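**Q** Mind looking over this structure? Questions follow.
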2 protein chains.
Amino acid sequence: MKELLGKDMRLTNQRRIILEELKSVTTHPTADEIYGMVRQKMPRISLGTVYRNLEVLSSLGLVRKLENAAGQKRFDGDVSPHHHIRCEVCGKVGDIFDAPDITGIEQGLGTDFQITGVSLEFSGICPQCQAGKKLAQ
Amino acid sequence: MKELLGKDMRLTNQRRIILEELKSVTTHPTADEIYGMVRQKMPRISLGTVYRNLEVLSSLGLVRKLENAAGQKRFDGDVSPHHHIRCEVCGKVGDIFDAPDITGIEQGLGTDFQITGVSLEFSGICPQCQAGKKLAQ
DNA sequence: TTATTTGCAAACTATTTGCAAGATT
DNA sequence: AATCTTGCAAATAGTTTGCAAATAA
């Protein structure tokens with residue numbers, strides 16, 4: 001597990017625990033939520049460190065940063081290819097593993113941009129918000 | 001043009017000018033950029049008013065709010081169905097009118113969310129940033 | 001012994017809000 | 001008159017940054 005990070009980059013306890021915690025859930029937590037999770041195991045970590053390390057981990061491709069979204073960024077410990085659905089009411093994010101394949105959809109489009117990626121995101125209402133319709137959590 | 005807005009909603013000069021300015025460009029400006037544009041015609045308007053009215057106009061469907069994005073929200077005066085591409089370097093947004101149709105892609109997916117929408121967004125590098133590769137504007 | 005990383009606090013950016021004054025019906 | 005809207009300024013939320021101390025190669 002030593003060589004996961006790049007040259008001159010260390011797998012510190014902070015990084016390891018952030019990564020472990022993120023991989024242990026499927027909830028796509030925000031930086032702040034990750035901060036709360038990690039603090040249970042490492043009470044003196046700071047929010048700045050969490051932000052810095054999420055940035056490092058996502059630029060290394062070890063976690064996925066979900067910024068194609070309203071509001072806060074969220075993070076996903078599952079880097080396998082899949083899509084997301086975001087609750088319009090509470091902002092919670094779920095996974096979509098079985099959407100039709102859109103590979104190649106970016107070919108031959110009329111744009112002067114050099115295309116580097118495509119993102120398909122669904123929006124909807126999560127089960128909890130469907131239930132408690134009035135009091136959007 | 002009086003009945004464009006809902007009951008008890010007025011088409012004030014501020015709203016009209018914001019709408020006109022936004023419809024006069026294809027650049028998907030940020031709230032701050034719209035503030036700059038509108039101030040040329042209405043120097044005493046405040047940024048808060050611009051934010052408030054962009055919210056009103058987009059909730060009425062008269063403009064489109066692009067929040068599926070990193071960083072700032074952007075606004076589009078063209079509400080016809082089309083997709084967007086965002087420059088990874090400078091954040092600029094372009095239009096994509098000729099992407100393959102993905103209508104119905106949300107049908108029968110394995111999720112407990114009630115699906116209400118789909119968004120396809122491309123990312124890439126705009127012509128200006130391709131040119132000046134070092135000095136990302 | 002040198003470069004990286006951390007905790008802390010302050011700074012920053014984008015956006016929202018409270019409120020008294022102004023405008024519209 | 002009653003309601004909606006504005007300008008202004010202050011507040012808020014999320015994130016980033018500077019820096020001295022701590023840590024690890």
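If you're wondering about the labels, chains in the structure tokens are A, B, ... by order shown, residues count from 1 in each chain, ligands from 1 in order shown.
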Per DSSP on the backbone, filter chain A down to the residues in strand (DSSP E) and report them as a ChimeraX atom specification.

**A** /A:64-66,74-76,83-87,93-96,114-125

**Q** Please return the superposed copy of chain A as a compact mmCIF listing (two decimals) with N, CA and C atoms, in the first residue's frame; the fit should be least squares onto chain B across all sequentially paired Cα atoms.

**A**
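Okay, part.txt is ready:
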# COMPACT_ATOMS: atom_id res chain seq x y z
N MET A 1 -46.37 41.32 -23.00
CA MET A 1 -45.24 40.89 -22.15
C MET A 1 -45.59 40.99 -20.67
N LYS A 2 -46.80 41.45 -20.42
CA LYS A 2 -47.19 41.67 -19.03
C LYS A 2 -47.38 40.38 -18.24
N GLU A 3 -47.96 39.41 -18.93
CA GLU A 3 -48.38 38.22 -18.20
C GLU A 3 -47.31 37.13 -18.17
N LEU A 4 -46.09 37.50 -18.47
CA LEU A 4 -45.00 36.52 -18.44
C LEU A 4 -44.78 35.99 -17.04
N LEU A 5 -44.90 36.87 -16.07
CA LEU A 5 -44.61 36.49 -14.69
C LEU A 5 -45.88 36.01 -14.01
N GLY A 6 -45.71 35.39 -12.88
CA GLY A 6 -46.87 34.81 -12.18
C GLY A 6 -47.73 35.86 -11.52
N LYS A 7 -48.74 35.38 -10.89
CA LYS A 7 -49.64 36.20 -10.07
C LYS A 7 -48.83 36.94 -9.00
N ASP A 8 -49.19 38.19 -8.80
CA ASP A 8 -48.48 38.97 -7.78
C ASP A 8 -46.99 39.10 -8.05
N MET A 9 -46.63 38.98 -9.33
CA MET A 9 -45.22 39.19 -9.67
C MET A 9 -45.15 40.25 -10.73
N ARG A 10 -44.24 41.16 -10.54
CA ARG A 10 -44.18 42.31 -11.44
C ARG A 10 -42.98 42.22 -12.37
N LEU A 11 -43.21 42.64 -13.61
CA LEU A 11 -42.08 42.75 -14.51
C LEU A 11 -41.43 44.11 -14.30
N THR A 12 -40.58 44.19 -13.33
CA THR A 12 -39.91 45.47 -13.04
C THR A 12 -38.85 45.74 -14.09
N ASN A 13 -38.37 46.97 -14.13
CA ASN A 13 -37.29 47.30 -15.05
C ASN A 13 -36.07 46.43 -14.80
N GLN A 14 -35.78 46.20 -13.52
CA GLN A 14 -34.64 45.36 -13.19
C GLN A 14 -34.78 43.97 -13.83
N ARG A 15 -35.96 43.38 -13.66
CA ARG A 15 -36.18 42.04 -14.22
C ARG A 15 -36.09 42.04 -15.74
N ARG A 16 -36.72 43.06 -16.33
CA ARG A 16 -36.75 43.12 -17.79
C ARG A 16 -35.34 43.26 -18.35
N ILE A 17 -34.55 44.12 -17.74
CA ILE A 17 -33.20 44.36 -18.27
C ILE A 17 -32.31 43.14 -18.04
N ILE A 18 -32.42 42.50 -16.89
CA ILE A 18 -31.66 41.28 -16.66
C ILE A 18 -31.99 40.24 -17.73
N LEU A 19 -33.27 40.07 -17.99
CA LEU A 19 -33.72 39.10 -18.99
C LEU A 19 -33.21 39.47 -20.38
N GLU A 20 -33.34 40.74 -20.75
CA GLU A 20 -32.88 41.20 -22.06
C GLU A 20 -31.38 40.98 -22.22
N GLU A 21 -30.63 41.36 -21.24
CA GLU A 21 -29.18 41.21 -21.32
C GLU A 21 -28.78 39.75 -21.45
N LEU A 22 -29.43 38.92 -20.67
CA LEU A 22 -29.09 37.50 -20.71
C LEU A 22 -29.46 36.89 -22.06
N LYS A 23 -30.57 37.34 -22.63
CA LYS A 23 -30.97 36.79 -23.92
C LYS A 23 -30.13 37.34 -25.07
N SER A 24 -29.40 38.41 -24.80
CA SER A 24 -28.62 39.04 -25.87
C SER A 24 -27.24 38.40 -26.05
N VAL A 25 -26.88 37.49 -25.16
CA VAL A 25 -25.56 36.85 -25.29
C VAL A 25 -25.70 35.33 -25.29
N THR A 26 -24.64 34.66 -25.74
CA THR A 26 -24.64 33.20 -25.73
C THR A 26 -23.51 32.69 -24.86
N THR A 27 -23.09 33.55 -23.95
CA THR A 27 -21.88 33.23 -23.18
C THR A 27 -22.13 32.56 -21.83
N HIS A 28 -23.38 32.35 -21.45
CA HIS A 28 -23.66 31.72 -20.17
C HIS A 28 -22.97 32.43 -19.02
N PRO A 29 -23.25 33.70 -18.82
CA PRO A 29 -22.55 34.48 -17.80
C PRO A 29 -22.89 34.06 -16.37
N THR A 30 -21.99 34.36 -15.46
CA THR A 30 -22.24 34.18 -14.03
C THR A 30 -23.09 35.35 -13.53
N ALA A 31 -23.61 35.22 -12.32
CA ALA A 31 -24.41 36.28 -11.73
C ALA A 31 -23.62 37.59 -11.70
N ASP A 32 -22.38 37.47 -11.37
CA ASP A 32 -21.52 38.64 -11.29
C ASP A 32 -21.31 39.31 -12.65
N GLU A 33 -21.17 38.49 -13.68
CA GLU A 33 -21.02 39.04 -15.02
C GLU A 33 -22.31 39.72 -15.48
N ILE A 34 -23.44 39.12 -15.15
CA ILE A 34 -24.73 39.72 -15.48
C ILE A 34 -24.88 41.05 -14.75
N TYR A 35 -24.46 41.07 -13.52
CA TYR A 35 -24.45 42.30 -12.74
C TYR A 35 -23.68 43.40 -13.48
N GLY A 36 -22.52 43.04 -13.99
CA GLY A 36 -21.71 44.00 -14.74
C GLY A 36 -22.40 44.48 -16.00
N MET A 37 -23.07 43.56 -16.72
CA MET A 37 -23.76 43.93 -17.95
C MET A 37 -24.93 44.87 -17.64
N VAL A 38 -25.72 44.50 -16.64
CA VAL A 38 -26.92 45.26 -16.34
C VAL A 38 -26.57 46.64 -15.80
N ARG A 39 -25.48 46.73 -15.08
CA ARG A 39 -25.10 48.02 -14.50
C ARG A 39 -24.79 49.08 -15.54
N GLN A 40 -24.47 48.64 -16.76
CA GLN A 40 -24.22 49.61 -17.82
C GLN A 40 -25.49 50.37 -18.16
N LYS A 41 -26.62 49.70 -18.00
CA LYS A 41 -27.90 50.34 -18.34
C LYS A 41 -28.61 50.85 -17.10
N MET A 42 -28.24 50.34 -15.96
CA MET A 42 -28.94 50.65 -14.72
C MET A 42 -27.89 50.64 -13.61
N PRO A 43 -27.18 51.75 -13.48
CA PRO A 43 -25.97 51.76 -12.65
C PRO A 43 -26.22 51.53 -11.16
N ARG A 44 -27.42 51.79 -10.69
CA ARG A 44 -27.63 51.68 -9.25
C ARG A 44 -28.21 50.33 -8.80
N ILE A 45 -28.34 49.39 -9.74
CA ILE A 45 -28.86 48.07 -9.35
C ILE A 45 -27.86 47.39 -8.42
N SER A 46 -28.35 46.55 -7.54
CA SER A 46 -27.43 45.87 -6.62
C SER A 46 -27.27 44.41 -7.00
N LEU A 47 -26.16 43.85 -6.55
CA LEU A 47 -25.88 42.45 -6.85
C LEU A 47 -26.94 41.54 -6.24
N GLY A 48 -27.42 41.90 -5.06
CA GLY A 48 -28.48 41.11 -4.43
C GLY A 48 -29.72 41.05 -5.29
N THR A 49 -30.08 42.15 -5.90
CA THR A 49 -31.24 42.18 -6.78
C THR A 49 -31.03 41.27 -7.99
N VAL A 50 -29.83 41.27 -8.51
CA VAL A 50 -29.53 40.41 -9.65
C VAL A 50 -29.70 38.94 -9.24
N TYR A 51 -29.13 38.57 -8.12
CA TYR A 51 -29.29 37.20 -7.64
C TYR A 51 -30.76 36.85 -7.44
N ARG A 52 -31.48 37.73 -6.75
CA ARG A 52 -32.90 37.45 -6.48
C ARG A 52 -33.68 37.27 -7.77
N ASN A 53 -33.41 38.12 -8.74
CA ASN A 53 -34.21 38.06 -9.96
C ASN A 53 -33.81 36.92 -10.87
N LEU A 54 -32.56 36.55 -10.85
CA LEU A 54 -32.17 35.37 -11.63
C LEU A 54 -32.88 34.14 -11.07
N GLU A 55 -33.02 34.12 -9.77
CA GLU A 55 -33.74 33.02 -9.12
C GLU A 55 -35.21 33.00 -9.56
N VAL A 56 -35.84 34.17 -9.52
CA VAL A 56 -37.23 34.30 -9.95
C VAL A 56 -37.38 33.87 -11.41
N LEU A 57 -36.54 34.42 -12.27
CA LEU A 57 -36.65 34.13 -13.70
C LEU A 57 -36.41 32.66 -13.99
N SER A 58 -35.51 32.05 -13.27
CA SER A 58 -35.24 30.64 -13.57
C SER A 58 -36.32 29.74 -12.98
N SER A 59 -36.92 30.15 -11.87
CA SER A 59 -37.99 29.31 -11.34
C SER A 59 -39.24 29.42 -12.21
N LEU A 60 -39.35 30.49 -12.98
CA LEU A 60 -40.45 30.63 -13.94
C LEU A 60 -40.13 29.99 -15.28
N GLY A 61 -38.90 29.50 -15.42
CA GLY A 61 -38.51 28.85 -16.67
C GLY A 61 -38.16 29.83 -17.77
N LEU A 62 -37.96 31.11 -17.43
CA LEU A 62 -37.62 32.10 -18.46
C LEU A 62 -36.13 32.11 -18.77
N VAL A 63 -35.34 31.64 -17.82
CA VAL A 63 -33.92 31.45 -18.07
C VAL A 63 -33.54 30.11 -17.47
N ARG A 64 -32.36 29.64 -17.84
CA ARG A 64 -31.94 28.34 -17.34
C ARG A 64 -30.73 28.53 -16.44
N LYS A 65 -30.81 27.94 -15.27
CA LYS A 65 -29.71 28.03 -14.32
C LYS A 65 -28.83 26.81 -14.48
N LEU A 66 -27.55 27.02 -14.70
CA LEU A 66 -26.63 25.89 -14.87
C LEU A 66 -25.86 25.68 -13.59
N GLU A 67 -26.37 24.81 -12.76
CA GLU A 67 -25.66 24.58 -11.50
C GLU A 67 -25.00 23.22 -11.47
N ASN A 68 -25.22 22.45 -12.53
CA ASN A 68 -24.54 21.15 -12.62
C ASN A 68 -23.09 21.38 -12.95
N ALA A 69 -22.37 22.00 -12.04
CA ALA A 69 -21.05 22.40 -12.44
C ALA A 69 -20.19 22.73 -11.25
N ALA A 70 -18.92 22.60 -11.49
CA ALA A 70 -17.97 23.07 -10.49
C ALA A 70 -18.09 24.58 -10.41
N GLY A 71 -17.76 25.12 -9.28
CA GLY A 71 -17.67 26.56 -9.15
C GLY A 71 -18.99 27.29 -9.25
N GLN A 72 -18.93 28.48 -9.84
CA GLN A 72 -20.08 29.37 -9.86
C GLN A 72 -21.23 28.86 -10.73
N LYS A 73 -22.41 29.27 -10.35
CA LYS A 73 -23.56 29.06 -11.21
C LYS A 73 -23.43 29.95 -12.44
N ARG A 74 -23.98 29.46 -13.53
CA ARG A 74 -24.05 30.27 -14.75
C ARG A 74 -25.48 30.27 -15.24
N PHE A 75 -25.81 31.24 -16.10
CA PHE A 75 -27.18 31.36 -16.56
C PHE A 75 -27.23 31.40 -18.07
N ASP A 76 -28.32 30.85 -18.61
CA ASP A 76 -28.49 30.73 -20.05
C ASP A 76 -29.85 31.31 -20.42
N GLY A 77 -29.84 32.30 -21.32
CA GLY A 77 -31.10 32.91 -21.77
C GLY A 77 -31.82 32.05 -22.78
N ASP A 78 -31.15 31.01 -23.27
CA ASP A 78 -31.77 30.10 -24.24
C ASP A 78 -32.33 28.89 -23.50
N VAL A 79 -33.65 28.81 -23.45
CA VAL A 79 -34.27 27.72 -22.69
C VAL A 79 -34.67 26.55 -23.59
N SER A 80 -34.28 26.60 -24.85
CA SER A 80 -34.57 25.45 -25.72
C SER A 80 -33.69 24.28 -25.29
N PRO A 81 -34.14 23.05 -25.58
CA PRO A 81 -33.36 21.90 -25.10
C PRO A 81 -32.01 21.77 -25.81
N HIS A 82 -30.98 21.81 -25.04
CA HIS A 82 -29.63 21.59 -25.56
C HIS A 82 -28.70 21.29 -24.39
N HIS A 83 -27.49 20.84 -24.70
CA HIS A 83 -26.54 20.48 -23.66
C HIS A 83 -25.42 21.51 -23.59
N HIS A 84 -24.54 21.31 -22.62
CA HIS A 84 -23.45 22.26 -22.43
C HIS A 84 -22.10 21.57 -22.30
N ILE A 85 -21.08 22.32 -22.62
CA ILE A 85 -19.72 21.85 -22.40
C ILE A 85 -18.96 22.91 -21.63
N ARG A 86 -18.24 22.44 -20.63
CA ARG A 86 -17.56 23.38 -19.73
C ARG A 86 -16.06 23.27 -19.88
N CYS A 87 -15.38 24.39 -19.99
CA CYS A 87 -13.92 24.38 -20.10
C CYS A 87 -13.31 24.06 -18.74
N GLU A 88 -12.50 23.04 -18.71
CA GLU A 88 -11.86 22.61 -17.46
C GLU A 88 -10.87 23.64 -16.95
N VAL A 89 -10.37 24.46 -17.85
CA VAL A 89 -9.34 25.41 -17.47
C VAL A 89 -9.94 26.71 -16.95
N CYS A 90 -10.80 27.33 -17.75
CA CYS A 90 -11.29 28.66 -17.36
C CYS A 90 -12.75 28.65 -16.91
N GLY A 91 -13.44 27.55 -17.06
CA GLY A 91 -14.82 27.49 -16.59
C GLY A 91 -15.87 27.96 -17.57
N LYS A 92 -15.44 28.49 -18.68
CA LYS A 92 -16.38 28.96 -19.71
C LYS A 92 -17.29 27.83 -20.19
N VAL A 93 -18.52 28.18 -20.55
CA VAL A 93 -19.49 27.18 -20.98
C VAL A 93 -19.92 27.43 -22.42
N GLY A 94 -19.95 26.37 -23.22
CA GLY A 94 -20.42 26.45 -24.60
C GLY A 94 -21.66 25.59 -24.78
N ASP A 95 -22.32 25.77 -25.91
CA ASP A 95 -23.53 25.00 -26.20
C ASP A 95 -23.23 23.80 -27.07
N ILE A 96 -24.01 22.74 -26.85
CA ILE A 96 -23.97 21.56 -27.71
C ILE A 96 -25.40 21.30 -28.16
N PHE A 97 -25.64 21.51 -29.45
CA PHE A 97 -27.01 21.36 -29.94
C PHE A 97 -27.25 20.03 -30.62
N ASP A 98 -26.18 19.31 -30.96
CA ASP A 98 -26.36 18.14 -31.82
C ASP A 98 -25.96 16.81 -31.18
N ALA A 99 -26.06 16.74 -29.87
CA ALA A 99 -25.72 15.46 -29.24
C ALA A 99 -26.81 14.43 -29.54
N PRO A 100 -26.44 13.15 -29.59
CA PRO A 100 -27.44 12.10 -29.78
C PRO A 100 -28.54 12.22 -28.72
N ASP A 101 -29.73 11.90 -29.12
CA ASP A 101 -30.89 12.00 -28.24
C ASP A 101 -30.81 10.94 -27.14
N ILE A 102 -30.92 11.37 -25.90
CA ILE A 102 -30.89 10.40 -24.81
C ILE A 102 -32.25 10.29 -24.12
N THR A 103 -33.28 10.75 -24.79
CA THR A 103 -34.62 10.67 -24.21
C THR A 103 -34.94 9.24 -23.77
N GLY A 104 -35.47 9.09 -22.61
CA GLY A 104 -35.87 7.77 -22.14
C GLY A 104 -34.78 7.01 -21.42
N ILE A 105 -33.60 7.61 -21.36
CA ILE A 105 -32.47 6.90 -20.75
C ILE A 105 -32.72 6.61 -19.27
N GLU A 106 -33.64 7.37 -18.68
CA GLU A 106 -33.91 7.23 -17.25
C GLU A 106 -34.92 6.13 -16.95
N GLN A 107 -35.43 5.45 -17.98
CA GLN A 107 -36.46 4.43 -17.77
C GLN A 107 -35.86 3.13 -17.26
N GLY A 108 -36.52 2.60 -16.24
CA GLY A 108 -36.19 1.26 -15.78
C GLY A 108 -34.85 1.12 -15.08
N LEU A 109 -34.36 2.20 -14.52
CA LEU A 109 -33.07 2.10 -13.83
C LEU A 109 -33.24 1.54 -12.43
N GLY A 110 -32.20 0.87 -11.96
CA GLY A 110 -32.23 0.30 -10.62
C GLY A 110 -31.90 1.33 -9.56
N THR A 111 -32.92 2.05 -9.11
CA THR A 111 -32.72 3.04 -8.05
C THR A 111 -34.02 3.19 -7.28
N ASP A 112 -33.90 3.53 -6.01
CA ASP A 112 -35.12 3.77 -5.24
C ASP A 112 -35.48 5.24 -5.22
N PHE A 113 -34.72 6.05 -5.94
CA PHE A 113 -35.10 7.45 -6.13
C PHE A 113 -36.24 7.51 -7.17
N GLN A 114 -37.09 8.52 -7.01
CA GLN A 114 -38.06 8.81 -8.06
C GLN A 114 -37.39 9.80 -9.02
N ILE A 115 -37.12 9.33 -10.23
CA ILE A 115 -36.32 10.14 -11.15
C ILE A 115 -37.14 11.28 -11.75
N THR A 116 -36.56 12.48 -11.74
CA THR A 116 -37.28 13.64 -12.28
C THR A 116 -36.54 14.31 -13.42
N GLY A 117 -35.29 13.98 -13.62
CA GLY A 117 -34.56 14.66 -14.68
C GLY A 117 -33.22 14.03 -14.97
N VAL A 118 -32.68 14.39 -16.11
CA VAL A 118 -31.39 13.87 -16.53
C VAL A 118 -30.57 15.04 -17.05
N SER A 119 -29.30 15.04 -16.77
CA SER A 119 -28.46 16.09 -17.32
C SER A 119 -27.20 15.50 -17.90
N LEU A 120 -26.93 15.88 -19.13
CA LEU A 120 -25.74 15.42 -19.82
C LEU A 120 -24.83 16.63 -19.98
N GLU A 121 -23.67 16.57 -19.39
CA GLU A 121 -22.76 17.71 -19.54
C GLU A 121 -21.40 17.22 -20.00
N PHE A 122 -20.85 17.95 -20.96
CA PHE A 122 -19.53 17.62 -21.48
C PHE A 122 -18.48 18.50 -20.82
N SER A 123 -17.26 17.99 -20.75
CA SER A 123 -16.18 18.86 -20.32
C SER A 123 -15.10 18.84 -21.37
N GLY A 124 -14.32 19.91 -21.40
CA GLY A 124 -13.31 20.00 -22.43
C GLY A 124 -12.43 21.21 -22.24
N ILE A 125 -11.77 21.59 -23.31
CA ILE A 125 -10.90 22.76 -23.26
C ILE A 125 -11.31 23.70 -24.38
N CYS A 126 -11.59 24.92 -24.02
CA CYS A 126 -12.10 25.89 -25.01
C CYS A 126 -10.98 26.35 -25.92
N PRO A 127 -11.32 26.91 -27.08
CA PRO A 127 -10.30 27.33 -28.05
C PRO A 127 -9.25 28.26 -27.44
N GLN A 128 -9.67 29.24 -26.68
CA GLN A 128 -8.73 30.18 -26.08
C GLN A 128 -7.73 29.47 -25.18
N CYS A 129 -8.22 28.54 -24.36
CA CYS A 129 -7.32 27.84 -23.44
C CYS A 129 -6.44 26.82 -24.17
N GLN A 130 -6.92 26.31 -25.32
CA GLN A 130 -6.08 25.44 -26.13
C GLN A 130 -4.90 26.24 -26.67
N ALA A 131 -5.16 27.46 -27.07
CA ALA A 131 -4.12 28.32 -27.62
C ALA A 131 -3.11 28.71 -26.55
N GLY A 132 -3.57 29.45 -25.55
CA GLY A 132 -2.64 29.90 -24.51
C GLY A 132 -2.51 28.88 -23.42
N LYS A 133 -1.87 27.76 -23.72
CA LYS A 133 -1.91 26.63 -22.81
C LYS A 133 -1.27 26.89 -21.46
N LYS A 134 -0.23 27.68 -21.47
CA LYS A 134 0.44 27.93 -20.21
C LYS A 134 -0.39 28.82 -19.27
N LEU A 135 -0.75 29.97 -19.83
CA LEU A 135 -1.37 30.98 -19.00
C LEU A 135 -2.89 30.87 -18.97
N ALA A 136 -3.38 29.86 -18.29
CA ALA A 136 -4.82 29.66 -18.21
C ALA A 136 -5.52 30.94 -17.74
N GLN A 137 -6.11 31.62 -18.68
CA GLN A 137 -6.72 32.96 -18.46
C GLN A 137 -7.12 33.22 -17.03

**Q** Do me a favour and pick out the residues of chain C within 8 Å of chain A, using only C-alpha atoms (C1' of nucleotides), as a list of chain:residue names.

**A** C:DT4, C:DT6, C:DG7, C:DC8

**Q** Taking all heavy atoms for each residue, export the selection above as a short mmCIF file (atom, residue, chain, number, x, y, z; two decimals), in the first residue's frame.

**A**
data_model
loop_
_atom_site.label_atom_id
_atom_site.label_comp_id
_atom_site.auth_asym_id
_atom_site.auth_seq_id
_atom_site.Cartn_x
_atom_site.Cartn_y
_atom_site.Cartn_z
P DT C 4 8.70 18.25 -1.21
OP1 DT C 4 8.39 17.57 -2.48
OP2 DT C 4 8.66 19.72 -1.09
"O5'" DT C 4 7.75 17.64 -0.09
"C5'" DT C 4 7.81 16.25 0.18
"C4'" DT C 4 6.88 15.93 1.33
"O4'" DT C 4 7.35 16.58 2.53
"C3'" DT C 4 5.44 16.41 1.12
"O3'" DT C 4 4.60 15.30 1.37
"C2'" DT C 4 5.27 17.53 2.13
"C1'" DT C 4 6.26 17.13 3.22
N1 DT C 4 6.80 18.22 4.07
C2 DT C 4 6.68 18.11 5.45
O2 DT C 4 6.15 17.16 6.00
N3 DT C 4 7.23 19.16 6.15
C4 DT C 4 7.86 20.29 5.63
O4 DT C 4 8.31 21.15 6.37
C5 DT C 4 7.94 20.33 4.19
C7 DT C 4 8.60 21.49 3.52
C6 DT C 4 7.41 19.31 3.48
P DT C 6 -1.44 15.44 6.12
OP1 DT C 6 -2.06 14.13 6.41
OP2 DT C 6 -1.94 16.31 5.04
"O5'" DT C 6 -1.41 16.29 7.46
"C5'" DT C 6 -0.82 15.73 8.63
"C4'" DT C 6 -0.78 16.77 9.72
"O4'" DT C 6 0.07 17.86 9.27
"C3'" DT C 6 -2.15 17.40 10.02
"O3'" DT C 6 -2.59 16.94 11.28
"C2'" DT C 6 -1.89 18.91 10.02
"C1'" DT C 6 -0.40 19.05 9.83
N1 DT C 6 0.05 20.12 8.90
C2 DT C 6 0.70 21.22 9.39
O2 DT C 6 0.90 21.39 10.59
N3 DT C 6 1.09 22.13 8.44
C4 DT C 6 0.91 22.04 7.08
O4 DT C 6 1.32 22.91 6.31
C5 DT C 6 0.22 20.86 6.62
C7 DT C 6 -0.04 20.66 5.17
C6 DT C 6 -0.19 19.98 7.54
P DG C 7 -4.06 17.15 11.74
OP1 DG C 7 -4.40 16.08 12.70
OP2 DG C 7 -4.91 17.38 10.54
"O5'" DG C 7 -3.93 18.54 12.51
"C5'" DG C 7 -3.25 18.60 13.75
"C4'" DG C 7 -3.29 20.03 14.27
"O4'" DG C 7 -2.62 20.89 13.31
"C3'" DG C 7 -4.70 20.60 14.46
"O3'" DG C 7 -4.71 21.26 15.72
"C2'" DG C 7 -4.87 21.57 13.29
"C1'" DG C 7 -3.44 22.00 13.00
N9 DG C 7 -3.15 22.31 11.59
C8 DG C 7 -3.58 21.61 10.49
N7 DG C 7 -3.14 22.10 9.36
C5 DG C 7 -2.38 23.20 9.73
C6 DG C 7 -1.64 24.14 8.93
O6 DG C 7 -1.53 24.17 7.71
N1 DG C 7 -1.01 25.10 9.72
C2 DG C 7 -1.05 25.16 11.09
N2 DG C 7 -0.39 26.14 11.66
N3 DG C 7 -1.73 24.28 11.85
C4 DG C 7 -2.37 23.35 11.11
P DC C 8 -6.03 21.74 16.39
OP1 DC C 8 -5.89 21.57 17.85
OP2 DC C 8 -7.17 21.15 15.67
"O5'" DC C 8 -6.01 23.30 16.08
"C5'" DC C 8 -4.87 24.08 16.47
"C4'" DC C 8 -4.89 25.40 15.73
"O4'" DC C 8 -4.51 25.19 14.36
"C3'" DC C 8 -6.26 26.07 15.67
"O3'" DC C 8 -6.27 27.17 16.57
"C2'" DC C 8 -6.42 26.51 14.21
"C1'" DC C 8 -5.04 26.28 13.62
N1 DC C 8 -5.05 25.90 12.19
C2 DC C 8 -4.29 26.64 11.28
O2 DC C 8 -3.60 27.58 11.71
N3 DC C 8 -4.30 26.30 9.98
C4 DC C 8 -5.05 25.28 9.56
N4 DC C 8 -5.03 24.98 8.26
C5 DC C 8 -5.84 24.51 10.46
C6 DC C 8 -5.82 24.85 11.75
#

**Q** Would you give me, as a VMD selection string, the residues of chain D that come within 9 Å of chain B, using only C-alpha atoms (C1' of nucleotides)?

**A** chain D and resid 3 to 8

**Q** To one decimal in Å, tell me the separation between atom C1' of D:DA10 and atom C1' of C:DC19.

**A** 11.0 Å

**Q** Just give me the gap between atom C1' of D:DA11 and atom C1' of C:DT17 in Å, one decimal is fine.

**A**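 Computed distance, atom C1' of D:DA11 to atom C1' of C:DT17, equals 7.3 Å.
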
**Q** Please, which residues of chain A, numbered as in this document, come out helix (DSSP H, G or I) from DSSP, as a PyMOL selection string?

**A** chain A and resi 2-4+13-23+31-41+47-59+127-131

**Q** Could you jot down the atom C1' of C:DT13 to atom C1' of D:DT12 separation for me, Å, one decimal place?

**A** 11.9 Å
